[in-house]
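Colleague: This is input-v2.txt, which holds compact mmCIF, C-alpha atoms and all ligand atoms:
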```txt
# COMPACT_ATOMS: atom_id res chain seq x y z
CA MET A 16 -26.83 -44.46 -189.80
CA PRO A 17 -26.30 -43.62 -193.52
CA THR A 18 -27.72 -40.33 -194.78
CA SER A 19 -30.54 -40.15 -197.32
CA THR A 20 -28.10 -38.87 -199.97
CA ASP A 21 -25.59 -41.71 -199.40
CA ALA A 22 -25.79 -43.52 -202.74
CA SER A 23 -23.87 -46.52 -201.36
CA ALA A 24 -26.56 -47.31 -198.74
CA SER A 25 -29.62 -49.47 -199.51
CA THR A 26 -32.76 -47.61 -200.56
CA ALA A 27 -34.57 -48.85 -197.43
CA GLU A 28 -31.78 -47.47 -195.20
CA ARG A 29 -31.82 -44.14 -196.99
CA TYR A 30 -35.58 -43.74 -196.55
CA ARG A 31 -35.43 -44.85 -192.89
CA SER A 32 -32.68 -42.33 -192.21
CA PHE A 33 -34.63 -39.57 -193.99
CA ALA A 34 -37.71 -40.36 -191.87
CA GLU A 35 -35.87 -40.45 -188.56
CA VAL A 36 -33.21 -37.75 -189.00
CA GLU A 37 -34.31 -35.22 -191.62
CA ALA A 38 -38.11 -35.30 -191.72
CA ARG A 39 -38.96 -35.92 -188.04
CA GLY A 40 -40.17 -32.67 -186.50
CA MET A 41 -39.98 -30.93 -189.92
CA SER A 42 -42.63 -32.70 -192.02
CA ALA A 43 -45.10 -35.25 -190.65
CA THR A 44 -46.06 -36.14 -194.25
CA TYR A 45 -42.51 -36.88 -195.38
CA GLU A 46 -41.71 -38.72 -192.15
CA ALA A 47 -44.71 -41.03 -192.73
CA TRP A 48 -44.00 -41.47 -196.45
CA ALA A 49 -40.29 -42.23 -195.95
CA ALA A 50 -40.93 -44.63 -193.04
CA GLY A 51 -43.59 -46.34 -195.17
CA VAL A 52 -41.31 -46.70 -198.21
CA ALA A 53 -38.52 -48.16 -196.02
CA THR A 54 -40.64 -51.25 -195.25
CA ASP A 55 -42.60 -51.53 -198.50
CA ALA A 56 -40.90 -53.98 -200.88
CA ALA A 57 -43.09 -53.09 -203.88
CA THR A 58 -42.35 -49.33 -203.68
CA LEU A 59 -38.66 -50.01 -203.00
CA ARG A 60 -38.54 -52.06 -206.21
CA LEU A 61 -39.93 -49.10 -208.19
CA ILE A 62 -37.49 -46.61 -206.67
CA ASP A 63 -34.59 -49.00 -207.29
CA GLU A 64 -35.25 -48.62 -211.03
CA LEU A 65 -33.63 -45.18 -210.66
CA PRO A 66 -29.84 -44.72 -210.60
CA ALA A 67 -28.60 -44.60 -206.97
CA SER A 68 -27.98 -40.84 -207.13
CA LYS A 69 -31.66 -40.29 -208.07
CA ARG A 70 -33.24 -42.40 -205.31
CA GLN A 71 -33.11 -39.60 -202.70
CA PRO A 72 -36.43 -39.25 -200.83
CA ASN A 73 -36.40 -35.50 -201.35
CA LEU A 74 -36.17 -35.89 -205.13
CA VAL A 75 -38.73 -38.71 -205.46
CA PHE A 76 -41.25 -37.03 -203.13
CA SER A 77 -40.84 -33.64 -204.85
CA ALA A 78 -41.31 -35.26 -208.27
CA ALA A 79 -44.48 -36.94 -207.01
CA ARG A 80 -45.83 -33.70 -205.57
CA LEU A 81 -45.03 -31.79 -208.77
CA LEU A 82 -47.25 -34.29 -210.56
CA GLY A 83 -50.09 -33.96 -208.05
CA ALA A 84 -49.50 -36.38 -205.14
CA GLN A 85 -51.36 -34.97 -202.13
CA PRO A 86 -50.06 -34.97 -198.54
CA GLY A 87 -51.81 -37.75 -196.60
CA PRO A 88 -51.32 -41.19 -195.10
CA TYR A 89 -48.67 -43.50 -196.58
CA PRO A 90 -50.95 -46.22 -198.08
CA ALA A 91 -52.73 -43.67 -200.30
CA PHE A 92 -49.36 -42.23 -201.38
CA ALA A 93 -48.02 -45.73 -202.21
CA ASP A 94 -51.06 -46.41 -204.40
CA TRP A 95 -50.70 -43.02 -206.13
CA LEU A 96 -46.97 -43.60 -206.74
CA ALA A 97 -47.54 -47.04 -208.27
CA ALA A 98 -50.21 -45.62 -210.60
CA HIS A 99 -48.04 -42.66 -211.73
CA TRP A 100 -44.59 -44.25 -211.53
CA SER A 101 -43.44 -43.79 -215.12
CA ASP A 102 -44.13 -40.02 -214.95
CA VAL A 103 -42.48 -39.69 -211.52
CA ARG A 104 -39.44 -41.60 -212.78
CA GLU A 105 -39.13 -39.23 -215.75
CA VAL A 106 -39.26 -36.13 -213.52
CA ALA A 107 -36.71 -37.62 -211.09
CA LEU A 108 -34.37 -38.42 -213.98
CA THR A 109 -34.58 -34.93 -215.48
CA HIS A 110 -34.61 -32.76 -212.32
CA ALA A 111 -32.33 -32.16 -209.34
CA THR A 112 -32.87 -31.03 -205.76
CA GLN A 113 -31.89 -27.36 -205.81
CA THR A 114 -33.89 -25.43 -203.28
CA ASN A 115 -33.66 -21.63 -203.46
CA GLU A 116 -34.33 -19.86 -200.14
CA ALA A 117 -34.62 -16.06 -200.30
CA ALA A 118 -34.71 -15.95 -196.46
CA ARG A 119 -30.97 -16.60 -196.51
CA CYS A 120 -30.55 -12.94 -197.49
CA ALA A 121 -31.21 -12.18 -193.81
CA LEU A 122 -28.02 -14.09 -193.00
CA HIS A 123 -25.96 -12.17 -195.54
CA LEU A 124 -27.30 -8.66 -194.98
CA PRO A 125 -25.30 -7.54 -191.89
CA ALA A 126 -22.04 -8.57 -193.60
CA LEU A 127 -23.06 -7.03 -196.94
CA GLY A 128 -24.12 -3.82 -195.20
CA ALA A 129 -20.61 -3.38 -193.82
CA ILE A 130 -19.07 -3.38 -197.32
CA ASP A 131 -18.63 -0.09 -199.18
CA GLY A 132 -20.95 -0.03 -202.18
CA PRO A 133 -22.26 0.10 -204.75
CA ILE A 134 -22.03 -3.68 -204.88
CA ALA A 135 -21.72 -6.09 -207.81
CA LEU A 136 -23.14 -9.33 -206.40
CA LEU A 137 -22.10 -12.68 -207.84
CA GLU A 138 -23.57 -15.86 -206.36
CA VAL A 139 -22.15 -19.30 -207.09
CA GLY A 140 -24.68 -22.15 -206.80
CA ALA A 141 -27.39 -19.55 -207.33
CA SER A 142 -30.25 -21.91 -208.32
CA ALA A 143 -32.83 -19.38 -209.63
CA GLY A 144 -30.92 -16.43 -208.12
CA LEU A 145 -33.38 -15.43 -205.37
CA CYS A 146 -30.49 -14.62 -202.98
CA LEU A 147 -29.25 -11.98 -205.41
CA TYR A 148 -31.97 -9.52 -204.30
CA PRO A 149 -31.06 -8.53 -200.71
CA ASP A 150 -32.01 -4.94 -201.56
CA ARG A 151 -35.54 -5.91 -202.66
CA TYR A 152 -36.76 -7.64 -199.47
CA SER A 153 -37.88 -6.26 -196.06
CA TYR A 154 -36.16 -7.39 -192.84
CA ARG A 155 -37.24 -7.69 -189.22
CA TYR A 156 -34.26 -8.43 -186.96
CA THR A 157 -35.04 -8.81 -183.28
CA GLY A 158 -34.20 -5.61 -181.41
CA HIS A 159 -33.78 -3.52 -184.59
CA PRO A 160 -36.07 -1.21 -186.55
CA ARG A 161 -37.62 -2.80 -189.62
CA LEU A 162 -35.59 -2.35 -192.81
CA ASP A 163 -37.35 -1.80 -196.13
CA PRO A 164 -36.19 -1.23 -199.72
CA ALA A 165 -35.77 2.41 -200.74
CA ASP A 166 -39.18 2.41 -202.50
CA GLY A 167 -41.10 0.96 -199.55
CA PRO A 168 -42.02 -2.35 -197.89
CA SER A 169 -41.42 -5.50 -199.91
CA THR A 170 -43.88 -8.36 -200.43
CA VAL A 171 -41.08 -10.58 -199.06
CA GLU A 172 -40.59 -9.98 -195.34
CA LEU A 173 -37.75 -11.81 -193.63
CA ASP A 174 -37.74 -12.40 -189.87
CA CYS A 175 -34.40 -13.19 -188.31
CA ALA A 176 -33.59 -13.59 -184.61
CA PHE A 177 -30.32 -12.75 -182.93
CA ARG A 178 -29.40 -15.50 -180.50
CA GLY A 179 -26.90 -13.70 -178.29
CA GLY A 180 -23.25 -13.39 -179.20
CA THR A 181 -22.04 -9.83 -179.86
CA PRO A 182 -24.38 -7.20 -181.38
CA ALA A 183 -24.58 -7.62 -185.16
CA PRO A 184 -23.86 -4.61 -187.36
CA VAL A 185 -27.37 -4.36 -188.85
CA PRO A 186 -27.16 -1.58 -191.46
CA GLU A 187 -29.45 1.45 -191.35
CA ARG A 188 -30.33 1.05 -195.02
CA LEU A 189 -30.17 -1.73 -197.57
CA PRO A 190 -27.07 -2.02 -199.75
CA GLU A 191 -27.05 -0.63 -203.28
CA ILE A 192 -26.74 -3.61 -205.67
CA VAL A 193 -25.92 -2.41 -209.18
CA TRP A 194 -25.15 -5.77 -210.83
CA ARG A 195 -26.33 -9.30 -210.06
CA ALA A 196 -25.10 -12.48 -211.64
CA GLY A 197 -24.88 -16.13 -210.76
CA ILE A 198 -23.54 -19.53 -211.73
CA ASP A 199 -25.29 -22.86 -211.37
CA LEU A 200 -24.86 -26.33 -212.84
CA ASN A 201 -28.54 -26.05 -213.70
CA PRO A 202 -29.79 -22.45 -213.48
CA LEU A 203 -33.54 -22.11 -213.01
CA ASP A 204 -35.47 -19.25 -214.62
CA VAL A 205 -37.76 -17.19 -212.39
CA ARG A 206 -39.81 -16.31 -215.50
CA SER A 207 -40.53 -19.98 -216.27
CA PRO A 208 -43.71 -21.31 -214.57
CA ALA A 209 -42.28 -24.85 -214.85
CA ASP A 210 -39.08 -23.88 -213.02
CA VAL A 211 -40.96 -22.03 -210.27
CA ASP A 212 -43.36 -24.99 -209.92
CA TRP A 213 -40.34 -27.26 -209.43
CA LEU A 214 -38.91 -24.99 -206.73
CA ASP A 215 -42.37 -24.99 -205.12
CA ALA A 216 -42.50 -28.81 -205.19
CA LEU A 217 -39.09 -28.92 -203.48
CA VAL A 218 -40.52 -27.06 -200.46
CA TRP A 219 -41.74 -29.61 -197.92
CA PRO A 220 -45.55 -29.99 -197.70
CA GLU A 221 -46.23 -28.29 -194.37
CA HIS A 222 -43.93 -25.30 -195.04
CA GLU A 223 -46.57 -23.01 -196.50
CA ASP A 224 -44.71 -19.86 -195.38
CA ARG A 225 -41.69 -20.89 -197.45
CA ARG A 226 -43.88 -21.56 -200.48
CA THR A 227 -45.51 -18.10 -200.20
CA ARG A 228 -42.09 -16.46 -199.85
CA LEU A 229 -40.73 -18.39 -202.83
CA ARG A 230 -43.57 -17.25 -205.10
CA ALA A 231 -43.29 -13.62 -203.94
CA ALA A 232 -39.48 -13.57 -204.32
CA ALA A 233 -39.73 -15.11 -207.80
CA ARG A 234 -42.16 -12.35 -208.83
CA ILE A 235 -39.72 -9.70 -207.58
CA ALA A 236 -36.76 -11.31 -209.38
CA ALA A 237 -38.77 -11.73 -212.59
CA ARG A 238 -39.10 -7.93 -212.90
CA ASN A 239 -35.33 -7.63 -213.32
CA PRO A 240 -34.01 -11.18 -213.85
CA PRO A 241 -30.42 -11.94 -212.85
CA HIS A 242 -27.76 -12.89 -215.38
CA LEU A 243 -27.28 -16.64 -214.68
CA VAL A 244 -24.57 -18.71 -216.30
CA GLY A 245 -24.81 -22.51 -216.56
CA GLY A 246 -21.74 -24.52 -215.59
CA ASP A 247 -19.34 -25.44 -212.83
CA LEU A 248 -18.58 -22.65 -210.38
CA ASN A 249 -14.80 -23.21 -210.45
CA GLU A 250 -14.75 -23.04 -214.25
CA GLN A 251 -16.96 -19.96 -214.57
CA VAL A 252 -16.30 -17.71 -211.60
CA ALA A 253 -13.18 -15.85 -212.80
CA ALA A 254 -14.65 -14.92 -216.21
CA LEU A 255 -18.00 -13.87 -214.74
CA ALA A 256 -16.28 -11.81 -212.01
CA ALA A 257 -14.19 -10.10 -214.71
CA SER A 258 -17.40 -8.94 -216.39
CA ALA A 259 -18.63 -7.11 -213.26
CA PRO A 260 -18.62 -3.30 -213.50
CA ALA A 261 -15.24 -1.93 -212.47
CA ASP A 262 -16.75 0.96 -210.49
CA ALA A 263 -18.64 -1.37 -208.09
CA THR A 264 -17.30 -3.53 -205.25
CA LEU A 265 -17.41 -7.19 -206.25
CA VAL A 266 -18.87 -9.57 -203.64
CA VAL A 267 -18.85 -13.30 -204.39
CA LEU A 268 -21.44 -15.10 -202.28
CA HIS A 269 -22.57 -18.68 -201.70
CA THR A 270 -24.77 -20.62 -199.27
CA ALA A 271 -25.01 -24.40 -198.89
CA VAL A 272 -23.20 -25.09 -202.17
CA LEU A 273 -19.53 -25.93 -201.64
CA MET A 274 -20.44 -29.15 -199.80
CA TYR A 275 -21.23 -30.56 -203.25
CA LEU A 276 -17.57 -30.24 -204.28
CA ASP A 277 -14.75 -32.56 -203.28
CA GLU A 278 -11.84 -31.32 -201.20
CA ALA A 279 -9.70 -30.41 -204.23
CA GLY A 280 -12.61 -28.45 -205.73
CA ARG A 281 -13.17 -26.52 -202.51
CA GLU A 282 -9.46 -25.70 -202.20
CA ARG A 283 -9.39 -24.52 -205.79
CA PHE A 284 -12.39 -22.30 -205.14
CA ALA A 285 -10.87 -20.82 -201.95
CA ARG A 286 -7.66 -20.03 -203.89
CA GLN A 287 -9.69 -18.30 -206.60
CA MET A 288 -11.51 -16.26 -203.96
CA ARG A 289 -8.21 -15.09 -202.45
CA ASP A 290 -6.98 -14.00 -205.90
CA LEU A 291 -10.12 -12.07 -206.92
CA PRO A 292 -10.57 -8.36 -206.21
CA GLY A 293 -13.42 -7.52 -203.84
CA HIS A 294 -14.91 -9.68 -201.07
CA TRP A 295 -15.82 -13.32 -200.47
CA LEU A 296 -18.94 -14.01 -198.39
CA SER A 297 -19.21 -17.70 -197.59
CA CYS A 298 -22.07 -19.45 -195.74
CA GLU A 299 -21.35 -23.16 -195.53
CA GLY A 300 -21.25 -26.10 -193.11
CA ARG A 301 -18.55 -26.10 -190.46
CA SER A 302 -16.31 -28.69 -192.08
CA VAL A 303 -16.43 -27.31 -195.64
CA PHE A 304 -13.46 -24.92 -195.42
CA PRO A 305 -10.88 -26.18 -192.91
CA GLY A 306 -8.90 -22.97 -193.56
CA ILE A 307 -11.65 -20.87 -191.91
CA ARG A 308 -11.21 -20.90 -188.12
CA VAL A 309 -14.51 -22.04 -186.64
CA ARG A 310 -15.65 -20.14 -183.52
CA ASP A 311 -16.71 -23.00 -181.28
CA ASP A 312 -16.05 -20.70 -178.31
CA VAL A 313 -19.37 -19.01 -179.22
CA GLU A 314 -22.57 -21.01 -178.57
CA ASN A 315 -24.01 -22.56 -181.72
CA ASP A 316 -26.29 -25.28 -183.00
CA SER A 317 -24.79 -28.39 -184.62
CA VAL A 318 -26.54 -27.66 -187.95
CA ASP A 319 -25.50 -23.98 -188.09
CA LEU A 320 -23.59 -22.69 -191.10
CA VAL A 321 -20.39 -20.67 -190.78
CA LEU A 322 -20.87 -17.16 -192.19
CA ALA A 323 -17.41 -15.89 -193.10
CA LEU A 324 -16.24 -12.68 -194.75
CA ASP A 325 -12.91 -12.97 -196.57
CA GLY A 326 -12.08 -16.20 -194.75
CA VAL A 327 -12.89 -14.96 -191.22
CA GLN A 328 -16.01 -16.22 -189.44
CA VAL A 329 -18.38 -13.39 -188.49
CA ALA A 330 -21.47 -15.38 -187.42
CA TRP A 331 -23.17 -18.70 -186.86
CA ALA A 332 -26.16 -18.89 -189.20
CA GLN A 333 -29.35 -20.96 -188.99
CA PRO A 334 -29.41 -22.72 -192.40
CA HIS A 335 -32.78 -21.38 -193.54
CA GLY A 336 -32.20 -17.78 -192.51
CA ARG A 337 -34.17 -17.76 -189.25
CA ALA A 338 -31.38 -16.80 -186.80
CA LEU A 339 -27.85 -15.46 -186.47
CA THR A 340 -25.29 -15.46 -183.69
CA TRP A 341 -22.70 -12.78 -184.36
CA VAL A 342 -19.17 -13.49 -183.16
CA ALA A 343 -16.69 -10.88 -182.01
CA ASN A 344 -13.60 -10.42 -184.12
CA PRO A 345 -10.65 -12.36 -182.63
C1 LIG A 401 -28.81 -26.27 -201.94
S1 LIG A 401 -28.90 -25.33 -203.43
C2 LIG A 401 -28.69 -23.71 -202.74
C3 LIG A 401 -29.17 -22.64 -203.66
C4 LIG A 401 -28.99 -21.21 -203.15
N1 LIG A 401 -27.59 -20.96 -202.90
C5 LIG A 401 -29.79 -20.93 -201.91
O1 LIG A 401 -29.18 -20.72 -200.86
O2 LIG A 401 -31.01 -20.88 -201.94
C6 LIG A 401 -27.30 -25.66 -204.14
C7 LIG A 401 -27.17 -25.18 -205.59
O3 LIG A 401 -25.79 -25.34 -205.97
C8 LIG A 401 -25.73 -25.80 -207.30
N2 LIG A 401 -24.42 -26.44 -207.49
C9 LIG A 401 -23.94 -27.56 -206.90
N3 LIG A 401 -22.69 -27.83 -207.33
C10 LIG A 401 -22.35 -26.85 -208.20
C11 LIG A 401 -21.19 -26.57 -208.99
N4 LIG A 401 -20.12 -27.36 -208.94
N5 LIG A 401 -21.19 -25.47 -209.77
C12 LIG A 401 -22.29 -24.67 -209.83
N6 LIG A 401 -23.41 -24.89 -209.11
C13 LIG A 401 -23.45 -25.96 -208.31
C14 LIG A 401 -26.93 -26.74 -207.40
O4 LIG A 401 -27.32 -26.92 -208.76
C15 LIG A 401 -27.98 -25.99 -206.59
O5 LIG A 401 -28.75 -25.12 -207.39
```
Represent the structure from my file as structure tokens, please.
Modeller:
Amino acid sequence: MPTSTDASASTAERYRSFAEVEARGMSATYEAWAAGVATDAATLRLIDELPASKRQPNLVFSAARLLGAQPGPYPAFADWLAAHWSDVREVALTHATQTNEAARCALHLPALGAIDGPIALLEVGASAGLCLYPDRYSYRYTGHPRLDPADGPSTVELDCAFRGGTPAPVPERLPEIVWRAGIDLNPLDVRSPADVDWLDALVWPEHEDRRTRLRAAARIAARNPPHLVGGDLNEQVAALAASAPADATLVVLHTAVLMYLDEAGRERFARQMRDLPGHWLSCEGRSVFPGIRVRDDVENDSVDLVLALDGVQVAWAQPHGRALTWVANP
């Protein structure tokens, strides 16, 4: 079955796949909407006005929700979409799907905590930069005492389960981050209500906890906004890394980003990481970096990301930050 982002598949196939593979069990609203679109010739004709790369269900549904479409049965949504199509089309043409999930900091923290600080944190594919604040959130790892920022509990509390494997090196205190910077093709600004509203619309309808976390994390980041550079990560990373303070340990970080690059782009990035001073913390799908040995000898879920420090896998990571399985060093 083609995926919903496969621009070579028909729009009906993409929406059917989204309903059956991505939305089922995750969002009853999106499952119903996507299944409805897949068999609705009139709505398919509207969506086919968009370039193939902009027909993704996630983009069209988020654009509709940004403009006020309410979760509910498909026929009401189809009527709403037809009535508001020119505005939805404009939003889809001018926006991209670029979720920003602060909960992923719970995946990074044990690895970051093992690095000597203070840390200069540089994230590629940073979106609005919410993963640049691991020191500003509170953490509850199963079997470990709660971890809070130095000045007390955060309004963003991250729960993360350990699913077996070897005990993870959860730090006793949060790392000291003295510099935060990021790169994105389209950086979003946590101080811009329009940008935060777009990130909110990208969160699926039933995921109220993610929406609350997003808003709280954006408020935290807005107090001390990160330095975000627009552009391609391979073009920008060396210069931005060179501007990090020399008396801090540089850590380059990324989650669910390198899959957007082709093989040559990923290889180029891995080479740049090997040549930079400091550390490389990568959290990507299992096939993204063939040079990183994947620990299939440790139980994992098929959708898990590979968390790797300096090219060596240290954990299997649930993509939205909910669970980790630490792996022993080889
Ligand atoms: C799925 S989002 C993940 C955002 C963030 N890392 C997180 O975990 O919440 C991927 C981000 O990577 C950015 N991106 C994709 N390709 C890129 C490239 N070649 N250079 C810079 N950013 C890129 C997208 O714009 C998007 O904001």
Colleague: Find the residues near stretch 54-68 of chain A: any atom within 7 Å, counting all atoms listed in the file, skip ones fewer than 6 places away on the same chain, and give them as a ChimeraX atom specification.
Modeller: /A:22,26-27,93
Colleague: Counting only C-alpha atoms, what are the residues of stretch 234-271 of chain A within 12 Å of stretch 169-183 of chain A, and for each of them which pair of atoms is the nearest and at what distance in Å, to one decimal? Sort the table by chain and rising number, as a Markdown table.
Modeller:
```
| residue | atom | partner | partner_atom | distance |
| --- | --- | --- | --- | --- |
| A:Arg234 | CA | A:Thr170 | CA | 9.5 |
| A:Ile235 | CA | A:Thr170 | CA | 8.4 |
| A:Ala236 | CA | A:Val171 | CA | 11.2 |
```
Colleague: For ligand LIG 401 (chain A), what centre and edge lengths in Å (one decimal) does the axis-aligned box get once 4 Å is added on each side of all its listed atoms, as lines of an AutoDock Vina configuration file?
Modeller:
```
center_x = -25.6
center_y = -24.3
center_z = -205.3
size_x = 18.9
size_y = 15.1
size_z = 17.0
```
Colleague: Residues near A:Val193, anyone? I mean within 8 Å using only C-alpha atoms, not counting same-chain ones fewer than 4 positions away, as a PyMOL selection string.
Modeller: chain A and resi 133-136+263
Colleague: Could you write out the selected residues, including C-alpha atoms, as a CSV table (one decimal), in the frame of the given file?
Modeller:
```
chain,number,residue,atom,x,y,z
A,133,PRO,CA,-22.3,0.1,-204.8
A,134,ILE,CA,-22.0,-3.7,-204.9
A,135,ALA,CA,-21.7,-6.1,-207.8
A,136,LEU,CA,-23.1,-9.3,-206.4
A,263,ALA,CA,-18.6,-1.4,-208.1
```
Colleague: One number please: atom CA of A:Glu278 to atom CA of A:Arg31, in Å, one decimal.
Modeller: 28.4 Å
Colleague: Smallest atom-to-atom distance to ligand LIG 401 (chain A): which of A:Val266, A:Val272, A:Val52, A:Ala257, using only C-alpha atoms and all ligand atoms?
Modeller: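 Checking each candidate against ligand LIG 401 (chain A), we get A:Val272 as the closest.
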Colleague: Skip A:Val205 itself and residues of its chain fewer than 2 positions away, then list as a PyMOL selection string all residues within 8 Å of it, counting only C-alpha atoms.
Modeller: chain A and resi 143+203+207-208+210-211+233-234+236-237+240
Colleague: List as a short mmCIF file (atom, residue, chain, number, x, y, z; two decimals) with C-alpha atoms, in the frame of the given file the protein and nucleic acid residues near A:Ala253, meaning an atom at most 10 Å away when only C-alpha atoms are counted, but skip any in the same chain fewer than 6 places from it.
Modeller:
```cif
data_model
loop_
_atom_site.label_atom_id
_atom_site.label_comp_id
_atom_site.auth_asym_id
_atom_site.auth_seq_id
_atom_site.Cartn_x
_atom_site.Cartn_y
_atom_site.Cartn_z
CA GLN A 287 -9.69 -18.30 -206.60
CA MET A 288 -11.51 -16.26 -203.96
CA ASP A 290 -6.98 -14.00 -205.90
CA LEU A 291 -10.12 -12.07 -206.92
#
```
Colleague: Using all atoms listed in the file, which residues have at least one atom no more than 7 Å from ligand LIG 401 (chain A)? Output them as a ChimeraX atom specification.
Modeller: /A:113-117,119,139-142,145-146,198-202,246-249,269-273,275-276
Colleague: Atom CA of A:Val267 and atom CA of A:Leu339 are how many Å apart?
Modeller: 20.2 Å
Colleague: Could you tell me which of A:Leu320, A:Ala84, A:Leu74, A:Val244 comes closest to A:Arg195 if we count only C-alpha atoms?
Modeller: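 Using only C-alpha atoms, A:Arg195 sits closest to A:Val244.
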Colleague: Would you please work out which residue, of A:His242, A:Arg29, A:Arg155, A:Arg39, is nearest to A:Ala121 when using all atoms listed in the file?
Modeller: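 Nearest to A:Ala121: A:Arg155.
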Colleague: Around the point (-31.5, -20.6, -194.0), in the coordinates given by the file, pick out the residues reaching within 7 Å, counting only C-alpha atoms, and return them as a ChimeraX atom specification.
Modeller: /A:116,118-119,333-337
Colleague: Could you check how far atom CA of A:Ala53 sits from atom CA of A:Tyr30, in Å to one decimal?
Modeller: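 Atom-to-atom, atom CA of A:Ala53 and atom CA of A:Tyr30 are spaced 5.3 Å apart.
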Colleague: Which residues, protein or nucleic acid, reach to within 10 Å of (-15.2, -14.1, -194.0) in the file's coordinates when using only C-alpha atoms, and can you give that as a PDB file with C-alpha atoms, keeping the file's coordinate frame?
Modeller:
```
ATOM      1  CA  ALA A 126     -22.040  -8.570-193.600  1.00  0.00           C
ATOM      2  CA  HIS A 294     -14.910  -9.680-201.070  1.00  0.00           C
ATOM      3  CA  TRP A 295     -15.820 -13.320-200.470  1.00  0.00           C
ATOM      4  CA  LEU A 296     -18.940 -14.010-198.390  1.00  0.00           C
ATOM      5  CA  SER A 297     -19.210 -17.700-197.590  1.00  0.00           C
ATOM      6  CA  CYS A 298     -22.070 -19.450-195.740  1.00  0.00           C
ATOM      7  CA  ILE A 307     -11.650 -20.870-191.910  1.00  0.00           C
ATOM      8  CA  ARG A 308     -11.210 -20.900-188.120  1.00  0.00           C
ATOM      9  CA  VAL A 321     -20.390 -20.670-190.780  1.00  0.00           C
ATOM     10  CA  LEU A 322     -20.870 -17.160-192.190  1.00  0.00           C
ATOM     11  CA  ALA A 323     -17.410 -15.890-193.100  1.00  0.00           C
ATOM     12  CA  LEU A 324     -16.240 -12.680-194.750  1.00  0.00           C
ATOM     13  CA  ASP A 325     -12.910 -12.970-196.570  1.00  0.00           C
ATOM     14  CA  GLY A 326     -12.080 -16.200-194.750  1.00  0.00           C
ATOM     15  CA  VAL A 327     -12.890 -14.960-191.220  1.00  0.00           C
ATOM     16  CA  GLN A 328     -16.010 -16.220-189.440  1.00  0.00           C
ATOM     17  CA  VAL A 329     -18.380 -13.390-188.490  1.00  0.00           C
ATOM     18  CA  ALA A 330     -21.470 -15.380-187.420  1.00  0.00           C
TER      19      ALA A 330
END
```
